[in-house]
$ cat entry08.cif   # mmCIF, C-alpha atoms
data_coords
loop_
_atom_site.label_atom_id
_atom_site.label_comp_id
_atom_site.auth_asym_id
_atom_site.auth_seq_id
_atom_site.Cartn_x
_atom_site.Cartn_y
_atom_site.Cartn_z
CA MET A 1 151.58 -123.65 46.08
CA LYS A 2 149.57 -121.88 48.77
CA THR A 3 146.86 -119.73 47.27
CA GLY A 4 144.90 -118.47 50.27
CA SER A 5 141.23 -119.31 50.10
CA THR A 6 141.38 -119.96 46.36
CA GLY A 7 142.93 -122.86 44.52
CA GLY A 8 142.74 -121.91 40.87
CA ILE A 9 146.38 -120.93 40.24
CA ALA A 10 149.23 -123.14 39.04
CA ARG A 11 152.92 -122.65 38.30
CA PHE A 12 154.14 -123.36 34.78
CA ASP A 13 156.99 -122.63 32.37
CA SER A 14 155.94 -119.53 30.43
CA PRO A 15 157.45 -119.54 26.89
CA GLY A 16 160.27 -117.00 26.71
CA LYS A 17 159.63 -115.73 30.23
CA GLY A 18 160.71 -118.51 32.59
CA ARG A 19 158.46 -119.48 35.45
CA GLY A 20 154.99 -117.99 35.65
CA LEU A 21 151.47 -118.46 36.99
CA ARG A 22 148.33 -119.35 35.08
CA ALA A 23 144.66 -119.73 35.95
CA THR A 24 143.11 -123.18 36.25
CA GLU A 25 139.60 -121.78 36.71
CA PRO A 26 137.74 -118.66 35.45
CA TYR A 27 137.89 -115.36 37.33
CA LYS A 28 135.76 -112.24 37.10
CA VAL A 29 136.96 -108.66 37.60
CA GLY A 30 137.57 -108.12 41.31
CA ASP A 31 137.97 -111.82 42.16
CA LEU A 32 140.76 -112.87 44.53
CA LEU A 33 143.25 -115.19 42.80
CA LEU A 34 145.95 -115.38 45.44
CA ALA A 35 146.51 -114.24 49.02
CA CYS A 36 150.09 -114.53 50.21
CA PRO A 37 151.55 -113.54 53.61
CA ALA A 38 154.99 -111.94 53.57
CA TYR A 39 157.85 -114.40 54.11
CA ALA A 40 159.94 -111.48 55.36
CA CYS A 41 159.12 -107.80 55.76
CA VAL A 42 160.37 -104.60 57.38
CA LEU A 43 158.47 -101.46 58.26
CA SER A 44 159.82 -98.17 56.93
CA VAL A 45 161.65 -96.27 59.66
CA GLY A 46 159.58 -93.20 58.85
CA GLU A 47 156.38 -95.08 59.78
CA ARG A 48 157.59 -96.19 63.20
CA GLY A 49 155.26 -95.06 65.96
CA TYR A 50 152.27 -94.97 63.61
CA ILE A 51 152.12 -98.55 62.33
CA CYS A 52 152.64 -101.93 64.01
CA GLU A 53 156.05 -103.43 63.20
CA HIS A 54 154.59 -106.92 62.80
CA CYS A 55 151.21 -106.64 61.06
CA PHE A 56 151.57 -103.14 59.51
CA ALA A 57 148.22 -102.07 61.01
CA ARG A 58 147.81 -98.32 61.44
CA LYS A 59 146.52 -97.75 64.97
CA GLU A 60 146.68 -95.26 67.80
CA GLY A 61 148.16 -96.15 71.17
CA LEU A 62 150.92 -98.47 69.94
CA SER A 63 153.19 -99.81 72.69
CA LYS A 64 156.99 -99.41 72.57
CA CYS A 65 159.52 -102.19 72.70
CA GLY A 66 160.68 -102.22 76.32
CA LYS A 67 164.36 -102.52 75.35
CA CYS A 68 165.09 -100.24 72.38
CA LYS A 69 162.05 -97.94 72.76
CA LYS A 70 161.97 -97.54 68.96
CA ALA A 71 159.79 -100.40 67.73
CA PHE A 72 156.01 -100.20 68.20
CA TYR A 73 153.30 -102.86 68.32
CA CYS A 74 149.51 -102.83 68.41
CA ASN A 75 149.32 -105.66 70.98
CA VAL A 76 151.40 -108.13 72.97
CA GLU A 77 150.74 -110.93 70.47
CA CYS A 78 152.26 -108.96 67.56
CA GLN A 79 155.28 -108.10 69.70
CA ARG A 80 155.74 -111.76 70.66
CA LYS A 81 155.53 -112.92 67.04
CA ASP A 82 157.92 -110.25 65.79
CA TRP A 83 160.52 -110.63 68.55
CA PRO A 84 162.58 -113.45 66.91
CA LEU A 85 163.38 -111.02 64.08
CA HIS A 86 163.15 -107.68 65.86
CA LYS A 87 165.76 -108.78 68.41
CA LEU A 88 168.41 -108.42 65.65
CA GLU A 89 167.54 -104.76 65.19
CA CYS A 90 166.82 -104.21 68.88
CA SER A 91 170.33 -105.22 69.95
CA ALA A 92 171.92 -103.30 67.09
CA MET A 93 169.90 -100.14 67.77
CA CYS A 94 170.85 -100.23 71.43
CA ALA A 95 174.52 -100.69 70.51
CA PHE A 96 174.70 -98.02 67.77
CA GLY A 97 172.23 -95.51 69.19
CA GLU A 98 171.67 -92.61 66.79
CA ASP A 99 174.31 -94.04 64.41
CA TRP A 100 172.09 -97.03 63.56
CA CYS A 101 171.04 -96.33 59.96
CA PRO A 102 171.01 -99.43 57.67
CA SER A 103 168.95 -99.11 54.50
CA GLU A 104 165.54 -100.74 54.22
CA THR A 105 166.99 -103.32 51.82
CA VAL A 106 169.76 -104.22 54.27
CA ARG A 107 167.21 -104.65 57.05
CA LEU A 108 165.03 -106.88 54.85
CA VAL A 109 167.98 -109.07 53.84
CA ALA A 110 168.99 -109.42 57.50
CA ARG A 111 165.53 -110.75 58.28
CA ILE A 112 165.62 -113.13 55.33
CA ILE A 113 168.94 -114.55 56.55
CA ALA A 114 167.64 -114.83 60.11
CA THR A 115 164.60 -116.82 58.97
CA GLN A 116 166.63 -118.78 56.41
CA VAL A 117 164.10 -118.00 53.69
CA SER A 118 165.32 -118.43 50.13
CA GLY A 119 164.36 -115.57 47.86
CA PRO A 120 163.11 -115.88 44.28
CA ALA A 121 165.54 -117.43 41.82
CA SER A 122 165.93 -114.48 39.40
CA THR A 123 169.03 -112.36 40.04
CA HIS A 124 170.36 -111.03 36.68
CA LEU A 125 173.79 -110.67 38.32
CA ASP A 126 175.47 -110.90 34.92
CA LYS A 127 173.46 -107.90 33.68
CA LEU A 128 174.18 -105.49 36.52
CA ASP A 129 176.01 -102.32 35.52
CA ASN A 130 178.89 -100.98 37.60
CA GLU A 131 176.64 -98.64 39.60
CA LYS A 132 174.33 -101.47 40.66
CA ARG A 133 177.27 -103.74 41.48
CA GLU A 134 178.70 -101.00 43.69
CA MET A 135 175.32 -100.55 45.39
CA ASN A 136 175.16 -104.28 46.13
CA GLU A 137 178.68 -104.19 47.58
CA LEU A 138 177.72 -101.20 49.74
CA ASP A 139 174.63 -103.06 50.95
CA VAL A 140 176.75 -106.09 51.88
CA ALA A 141 179.14 -103.79 53.74
CA GLY A 142 176.19 -102.17 55.55
CA LEU A 143 174.86 -105.58 56.54
CA HIS A 144 178.22 -106.56 58.04
CA HIS A 145 178.59 -103.19 59.79
CA PHE A 146 175.20 -103.16 61.52
CA TYR A 147 174.53 -106.86 62.06
CA SER A 148 177.89 -108.65 62.33
CA LYS A 149 177.60 -109.14 66.11
CA HIS A 150 174.07 -110.50 65.90
CA LEU A 151 173.89 -112.62 62.74
CA ASP A 152 175.87 -115.37 60.98
CA PHE A 153 176.35 -114.56 57.31
CA PRO A 154 176.70 -116.79 54.24
CA GLU A 155 179.78 -116.23 52.08
CA HIS A 156 180.22 -113.00 50.12
CA GLN A 157 178.97 -114.17 46.72
CA ALA A 158 175.83 -115.65 48.28
CA LEU A 159 175.14 -112.28 49.91
CA LEU A 160 175.55 -110.47 46.58
CA THR A 161 173.11 -112.94 45.04
CA LEU A 162 170.61 -112.42 47.84
CA PHE A 163 170.71 -108.63 47.49
CA ALA A 164 170.25 -108.95 43.74
CA GLN A 165 167.24 -111.22 44.32
CA VAL A 166 165.65 -108.78 46.76
CA ASN A 167 166.30 -105.75 44.53
CA CYS A 168 164.80 -107.53 41.52
CA ASN A 169 161.93 -109.40 43.19
CA GLY A 170 161.16 -107.52 46.41
CA PHE A 171 157.93 -105.59 46.86
CA THR A 172 157.15 -102.12 48.17
CA VAL A 173 154.23 -102.45 50.57
CA GLU A 174 151.72 -99.59 50.31
CA ASP A 175 148.52 -98.56 52.07
CA GLU A 176 145.20 -97.64 50.41
CA GLU A 177 146.56 -94.18 49.58
CA LEU A 178 149.67 -95.71 47.95
CA SER A 179 151.92 -94.40 50.73
CA HIS A 180 155.11 -96.40 51.27
CA LEU A 181 154.90 -98.53 54.43
CA GLY A 182 157.86 -100.86 54.04
CA SER A 183 159.40 -103.67 52.02
CA ALA A 184 158.65 -107.37 51.81
CA VAL A 185 159.31 -110.62 49.99
CA PHE A 186 156.37 -112.58 48.57
CA PRO A 187 157.94 -115.49 46.62
CA ASP A 188 154.66 -116.79 45.16
CA VAL A 189 153.54 -113.34 44.02
CA ALA A 190 157.00 -112.74 42.50
CA LEU A 191 156.36 -115.64 40.10
CA MET A 192 153.95 -113.51 38.07
CA ASN A 193 155.39 -112.14 34.83
CA HIS A 194 155.00 -108.57 33.59
CA SER A 195 152.68 -107.12 30.99
CA CYS A 196 151.73 -103.53 30.22
CA CYS A 197 148.22 -104.97 29.71
CA PRO A 198 147.99 -106.74 33.10
CA ASN A 199 145.00 -108.87 34.06
CA VAL A 200 145.65 -108.57 37.83
CA ILE A 201 146.88 -106.06 40.39
CA VAL A 202 148.55 -106.59 43.77
CA VAL A 203 147.02 -104.85 46.78
CA TYR A 204 148.10 -105.06 50.40
CA ARG A 205 146.24 -105.67 53.63
CA GLY A 206 148.97 -105.10 56.16
CA THR A 207 151.64 -107.72 55.38
CA LEU A 208 149.26 -109.82 53.26
CA ALA A 209 149.52 -109.43 49.47
CA GLU A 210 146.30 -110.00 47.53
CA VAL A 211 146.25 -110.62 43.79
CA ARG A 212 142.92 -109.53 42.26
CA ALA A 213 141.64 -109.68 38.70
CA VAL A 214 141.24 -106.45 36.73
CA GLN A 215 140.14 -108.33 33.61
CA ALA A 216 138.12 -111.50 33.07
CA ILE A 217 140.55 -114.45 33.09
CA SER A 218 139.89 -117.82 31.43
CA PRO A 219 141.31 -121.21 32.49
CA GLY A 220 144.78 -121.72 30.98
CA GLU A 221 145.42 -117.98 30.65
CA GLU A 222 148.68 -116.66 32.12
CA ILE A 223 148.47 -114.27 35.06
CA PHE A 224 150.19 -110.96 34.35
CA THR A 225 150.84 -108.02 36.63
CA SER A 226 152.69 -104.78 35.93
CA TYR A 227 156.11 -104.17 37.46
CA ILE A 228 156.06 -100.44 36.66
CA ASP A 229 153.80 -97.39 36.43
CA LEU A 230 151.71 -97.81 33.27
CA LEU A 231 151.01 -94.09 32.90
CA TYR A 232 154.07 -93.54 30.75
CA PRO A 233 154.56 -94.15 26.99
CA THR A 234 156.09 -97.29 25.50
CA GLU A 235 159.72 -96.15 25.17
CA ASP A 236 159.76 -94.84 28.73
CA ARG A 237 158.16 -98.01 30.16
CA ASN A 238 160.65 -100.27 28.43
CA GLU A 239 163.59 -98.18 29.55
CA ARG A 240 162.38 -98.56 33.14
CA LEU A 241 161.95 -102.32 32.64
CA ARG A 242 165.44 -102.67 31.17
CA ASP A 243 166.98 -100.62 33.98
CA SER A 244 165.32 -102.55 36.82
CA TYR A 245 164.37 -105.96 35.39
CA TYR A 246 166.63 -106.39 32.32
CA PHE A 247 164.05 -107.12 29.63
CA ASN A 248 161.84 -105.44 27.04
CA CYS A 249 158.09 -106.00 27.08
CA ASP A 250 156.46 -107.45 23.96
CA CYS A 251 152.83 -107.19 25.10
CA ARG A 252 150.06 -105.90 22.85
CA GLU A 253 150.37 -102.32 24.11
CA CYS A 254 154.15 -102.24 23.59
CA THR A 255 153.77 -103.70 20.09
CA THR A 256 150.98 -101.38 18.91
CA LYS A 257 151.87 -98.29 21.00
CA SER A 258 148.17 -97.48 20.68
CA LYS A 259 148.03 -95.13 23.69
CA ASP A 260 151.29 -93.26 23.12
CA LYS A 261 149.73 -90.52 21.01
CA VAL A 262 147.26 -89.61 23.76
CA LYS A 263 149.91 -89.86 26.51
CA LEU A 264 152.38 -87.67 24.61
CA LYS A 265 149.93 -85.09 23.35
CA LEU A 266 151.74 -82.10 21.86
CA ARG A 267 150.75 -78.49 21.31
CA LYS A 268 149.66 -77.65 17.78
CA MET A 269 152.04 -75.09 16.30
CA GLY A 270 151.82 -73.45 12.93
CA ASP A 271 155.31 -74.43 11.80
CA GLY A 272 155.14 -77.88 13.45
CA LEU A 273 157.50 -79.53 15.90
CA ARG A 274 160.61 -81.42 14.89
CA SER A 275 160.91 -84.91 16.36
CA GLU A 276 164.24 -83.99 17.96
CA GLU A 277 162.54 -81.15 19.89
CA VAL A 278 159.97 -83.60 21.23
CA ARG A 279 162.68 -86.12 22.22
CA LYS A 280 164.67 -83.42 24.03
CA MET A 281 161.62 -82.21 25.93
CA THR A 282 160.70 -85.79 26.86
CA ARG A 283 164.22 -86.36 28.23
CA TYR A 284 164.00 -83.08 30.14
CA ALA A 285 160.63 -84.04 31.63
CA ARG A 286 161.84 -87.47 32.76
CA ASN A 287 165.00 -86.06 34.33
CA ALA A 288 163.03 -83.34 36.10
CA ILE A 289 160.65 -85.92 37.57
CA GLU A 290 163.48 -88.18 38.77
CA ASP A 291 165.63 -85.41 40.31
CA PHE A 292 163.19 -83.71 42.66
CA PRO A 293 164.84 -81.34 45.19
CA PRO A 294 163.78 -80.87 48.84
CA PRO A 295 160.15 -79.73 49.37
CA ALA A 296 161.10 -76.08 49.95
CA GLU A 297 162.45 -75.79 46.40
CA LEU A 298 160.11 -78.24 44.71
CA LEU A 299 157.13 -75.98 43.97
CA GLU A 300 159.27 -73.42 42.19
CA MET A 301 160.90 -76.20 40.17
CA CYS A 302 157.49 -77.64 39.26
CA GLU A 303 156.22 -74.24 38.09
CA LEU A 304 159.35 -73.56 36.00
CA SER A 305 159.21 -77.05 34.48
CA LEU A 306 155.51 -76.69 33.63
CA ASP A 307 156.24 -73.39 31.87
CA LYS A 308 159.06 -74.95 29.87
CA MET A 309 157.23 -78.17 28.98
CA GLY A 310 154.02 -76.27 28.26
CA ALA A 311 155.63 -74.78 25.16
CA VAL A 312 155.68 -78.25 23.60
CA PHE A 313 153.25 -80.46 25.55
CA GLU A 314 149.50 -80.16 26.08
CA GLU A 315 148.28 -80.16 29.69
CA SER A 316 146.98 -83.72 29.20
CA ASN A 317 150.51 -84.98 28.37
CA VAL A 318 151.56 -87.54 31.03
CA TYR A 319 154.71 -85.61 31.94
CA MET A 320 152.70 -82.44 32.47
CA LEU A 321 150.19 -84.38 34.58
CA HIS A 322 152.96 -85.90 36.69
CA MET A 323 154.51 -82.50 37.35
CA MET A 324 151.13 -80.96 38.22
CA TYR A 325 150.44 -83.86 40.60
CA GLN A 326 153.75 -83.19 42.36
CA ALA A 327 152.94 -79.48 42.56
CA MET A 328 149.56 -80.32 44.09
CA GLY A 329 151.27 -82.45 46.75
CA VAL A 330 153.71 -79.66 47.62
CA CYS A 331 150.85 -77.15 47.90
CA LEU A 332 149.07 -79.50 50.31
CA TYR A 333 152.29 -79.86 52.32
CA MET A 334 152.62 -76.06 52.46
CA GLU A 335 148.89 -75.75 53.36
CA ASP A 336 148.25 -73.77 50.16
CA TYR A 337 144.87 -75.37 49.57
CA ASP A 338 143.79 -73.02 46.78
CA GLY A 339 146.93 -73.89 44.83
CA ALA A 340 146.43 -77.59 45.48
CA LEU A 341 142.82 -77.40 44.27
CA SER A 342 143.90 -75.57 41.11
CA TYR A 343 146.49 -78.21 40.23
CA GLY A 344 144.15 -81.06 41.24
CA GLU A 345 141.44 -79.85 38.87
CA LYS A 346 143.95 -79.81 36.00
CA VAL A 347 145.20 -83.31 36.84
CA ILE A 348 141.75 -84.86 36.96
CA LYS A 349 140.40 -83.13 33.82
CA PRO A 350 141.81 -85.63 31.22
CA PHE A 351 140.39 -88.58 33.19
CA ARG A 352 136.79 -87.34 33.18
#

$ encode --input "entry08.cif" --output "structure tokens"
Amino acid sequence: MKTGSTGGIARFDSPGKGRGLRATEPYKVGDLLLACPAYACVLSVGERGYICEHCFARKEGLSKCGKCKKAFYCNVECQRKDWPLHKLECSAMCAFGEDWCPSETVRLVARIIATQVSGPASTHLDKLDNEKREMNELDVAGLHHFYSKHLDFPEHQALLTLFAQVNCNGFTVEDEELSHLGSAVFPDVALMNHSCCPNVIVVYRGTLAEVRAVQAISPGEEIFTSYIDLLYPTEDRNERLRDSYYFNCDCRECTTKSKDKVKLKLRKMGDGLRSEEVRKMTRYARNAIEDFPPPAELLEMCELSLDKMGAVFEESNVYMLHMMYQAMGVCLYMEDYDGALSYGEKVIKPFR
């Protein structure tokens, strides 16, 4: 496999997990294990005009595509390299005008088909619930609607498989501030298995994915990343893993649940809290986080939720921290800098 400037990674059959990666040489914290260019990627529509379509570099003075006027590039070389794939969107955008609105996943799959790149093998098609099956069917329909005049498709079942592969193994590309830039496929990086005690993280430099050590790694040790946000407690993490990746994690943290008590810190009340009350408040907090309204209504919702959760949870509880972080972001958006500072100080306090 290609491993950038390093060569100390090998594929192997990980017991109970399928394919995986392991180290063949030692690594220190911060070391680069793997650097992998995207096999296929698409820039988020919301970032157009600010970031180069091809290399994802954020620069001023980007030049427009001469035909569609909607794609932007930092130089002629990037435009030349991206044209074989952009021409699919360029023709479609010109034909549909303002009605051109395929999802990011549909756009990524179109590029994968155009480059004839095979995605990762894992699909979990047999485990998809009805909602996910319907979403895949809608994505296939969207692909046909927006690209049928510009692309030859494989048969229907192969398309369903490809969408399942991308949904399960695709990556969200982010900048240094963790802002969403687009989506990509990195087949080598996708070989890494999950752990809630990861020894590496994936960072992005444009459309290049870098895998760097966050723990010391010995030769023969498996390389683990995290597929999800590790801030949340064990039950919540595993529910997210089951929903998106169809497995439960059996790592040390999920077995011992050693950090759950700190993450789910409760208020001390004289008559105590029943476990059912805590479960109900946890469900409420998770639903509130997942169902955010438009920005204009969000701050009020955050404040009401904090009042309600504050009767049960301490301010250092992860659900309280998440809600305060959202409130801080809304205050910044509304240019209420005093409010943002107040929430920011509360968010950072438990991490000091």

$ resolve_selection --input "entry08.cif" --expression "the PyMOL selection byres ((chain A and resi 282) around 10)" --output "PyMOL selection string"
chain A and resi 236+264+276-281+283-288+309+312-313+319

$ resolve_selection --input "entry08.cif" --expression "the PyMOL selection byres ((chain A and resi 166) around 8)" --output "list in words"
Thr105, Val109, Gly119, Pro120, Leu162, Phe163, Ala164, Gln165, Asn167, Cys168, Asn169, Gly170 and Val185 of chain A

$ resolve_selection --input "entry08.cif" --expression "the PyMOL selection byres ((chain A and resi 325) around 9)" --output "number ranges by chain"
A: 320-324, 326-330, 340, 343-344, 346-347

$ residues_around --input "entry08.cif" --residues "stretch 130-138 of chain A" --least-positions-apart "4" --cutoff "9 Å" --atoms "only C-alpha atoms" --output "NGL selection string"
:A and (125 or 142-143 or 159-161 or 163-164)

$ residues_around --input "entry08.cif" --residues "A:Leu181" --least-positions-apart "2" --cutoff "8 Å" --atoms "only C-alpha atoms" --output "MDAnalysis selection string"
chainID A and resid 43:44 47 56 172:175 179 183

$ closest_residue --input "entry08.cif" --among "A:Ala71, A:Leu332, A:Val189, A:Val45" --to "A:Leu208" --atoms "all atoms listed in the file"
A:Val189

$ closest_residue --input "entry08.cif" --among "A:Arg212, A:Arg205, A:His86, A:His194" --to "A:Asn238" --atoms "all atoms listed in the file"
A:His194

$ closest_residue --input "entry08.cif" --among "A:Gly310, A:Gly220, A:Gly46, A:Pro198" --to "A:Glu104" --atoms "all atoms listed in the file"
A:Gly46

$ build_atoms --input "entry08.cif" --residues "stretch 132-146 of chain A" --atoms "N, CA, C and O atoms" --output "PDB file, in the coordinates of the input"
ATOM      1  N   LYS A 132     175.115-100.526  39.873  1.00  0.00           N
ATOM      2  CA  LYS A 132     174.330-101.470  40.660  1.00  0.00           C
ATOM      3  C   LYS A 132     175.223-102.460  41.402  1.00  0.00           C
ATOM      4  O   LYS A 132     174.916-102.870  42.530  1.00  0.00           O
ATOM      5  N   ARG A 133     176.326-102.852  40.784  1.00  0.00           N
ATOM      6  CA  ARG A 133     177.270-103.740  41.480  1.00  0.00           C
ATOM      7  C   ARG A 133     177.842-103.038  42.719  1.00  0.00           C
ATOM      8  O   ARG A 133     177.971-103.638  43.791  1.00  0.00           O
ATOM      9  N   GLU A 134     178.172-101.763  42.556  1.00  0.00           N
ATOM     10  CA  GLU A 134     178.700-101.000  43.690  1.00  0.00           C
ATOM     11  C   GLU A 134     177.652-100.859  44.790  1.00  0.00           C
ATOM     12  O   GLU A 134     177.970-100.945  45.987  1.00  0.00           O
ATOM     13  N   MET A 135     176.397-100.661  44.405  1.00  0.00           N
ATOM     14  CA  MET A 135     175.320-100.550  45.390  1.00  0.00           C
ATOM     15  C   MET A 135     175.159-101.853  46.165  1.00  0.00           C
ATOM     16  O   MET A 135     174.966-101.852  47.382  1.00  0.00           O
ATOM     17  N   ASN A 136     175.251-102.984  45.457  1.00  0.00           N
ATOM     18  CA  ASN A 136     175.160-104.280  46.130  1.00  0.00           C
ATOM     19  C   ASN A 136     176.314-104.477  47.111  1.00  0.00           C
ATOM     20  O   ASN A 136     176.133-104.986  48.221  1.00  0.00           O
ATOM     21  N   GLU A 137     177.515-104.073  46.690  1.00  0.00           N
ATOM     22  CA  GLU A 137     178.680-104.190  47.580  1.00  0.00           C
ATOM     23  C   GLU A 137     178.508-103.300  48.807  1.00  0.00           C
ATOM     24  O   GLU A 137     178.856-103.693  49.931  1.00  0.00           O
ATOM     25  N   LEU A 138     177.964-102.095  48.612  1.00  0.00           N
ATOM     26  CA  LEU A 138     177.720-101.200  49.740  1.00  0.00           C
ATOM     27  C   LEU A 138     176.670-101.786  50.685  1.00  0.00           C
ATOM     28  O   LEU A 138     176.784-101.663  51.913  1.00  0.00           O
ATOM     29  N   ASP A 139     175.658-102.434  50.108  1.00  0.00           N
ATOM     30  CA  ASP A 139     174.630-103.060  50.950  1.00  0.00           C
ATOM     31  C   ASP A 139     175.225-104.205  51.777  1.00  0.00           C
ATOM     32  O   ASP A 139     174.898-104.375  52.961  1.00  0.00           O
ATOM     33  N   VAL A 140     176.099-104.996  51.153  1.00  0.00           N
ATOM     34  CA  VAL A 140     176.750-106.090  51.880  1.00  0.00           C
ATOM     35  C   VAL A 140     177.603-105.519  53.014  1.00  0.00           C
ATOM     36  O   VAL A 140     177.591-106.029  54.142  1.00  0.00           O
ATOM     37  N   ALA A 141     178.319-104.426  52.709  1.00  0.00           N
ATOM     38  CA  ALA A 141     179.140-103.790  53.740  1.00  0.00           C
ATOM     39  C   ALA A 141     178.266-103.258  54.878  1.00  0.00           C
ATOM     40  O   ALA A 141     178.617-103.380  56.064  1.00  0.00           O
ATOM     41  N   GLY A 142     177.115-102.667  54.524  1.00  0.00           N
ATOM     42  CA  GLY A 142     176.190-102.170  55.550  1.00  0.00           C
ATOM     43  C   GLY A 142     175.632-103.286  56.411  1.00  0.00           C
ATOM     44  O   GLY A 142     175.479-103.137  57.629  1.00  0.00           O
ATOM     45  N   LEU A 143     175.356-104.425  55.791  1.00  0.00           N
ATOM     46  CA  LEU A 143     174.860-105.580  56.540  1.00  0.00           C
ATOM     47  C   LEU A 143     175.901-106.042  57.556  1.00  0.00           C
ATOM     48  O   LEU A 143     175.581-106.284  58.728  1.00  0.00           O
ATOM     49  N   HIS A 144     177.146-106.149  57.130  1.00  0.00           N
ATOM     50  CA  HIS A 144     178.220-106.560  58.040  1.00  0.00           C
ATOM     51  C   HIS A 144     178.412-105.529  59.165  1.00  0.00           C
ATOM     52  O   HIS A 144     178.619-105.898  60.326  1.00  0.00           O
ATOM     53  N   HIS A 145     178.334-104.240  58.806  1.00  0.00           N
ATOM     54  CA  HIS A 145     178.590-103.190  59.790  1.00  0.00           C
ATOM     55  C   HIS A 145     177.550-103.198  60.904  1.00  0.00           C
ATOM     56  O   HIS A 145     177.907-103.090  62.091  1.00  0.00           O
ATOM     57  N   PHE A 146     176.260-103.311  60.527  1.00  0.00           N
ATOM     58  CA  PHE A 146     175.200-103.160  61.520  1.00  0.00           C
ATOM     59  C   PHE A 146     174.736-104.464  62.165  1.00  0.00           C
ATOM     60  O   PHE A 146     174.107-104.431  63.219  1.00  0.00           O
TER      61      PHE A 146
END
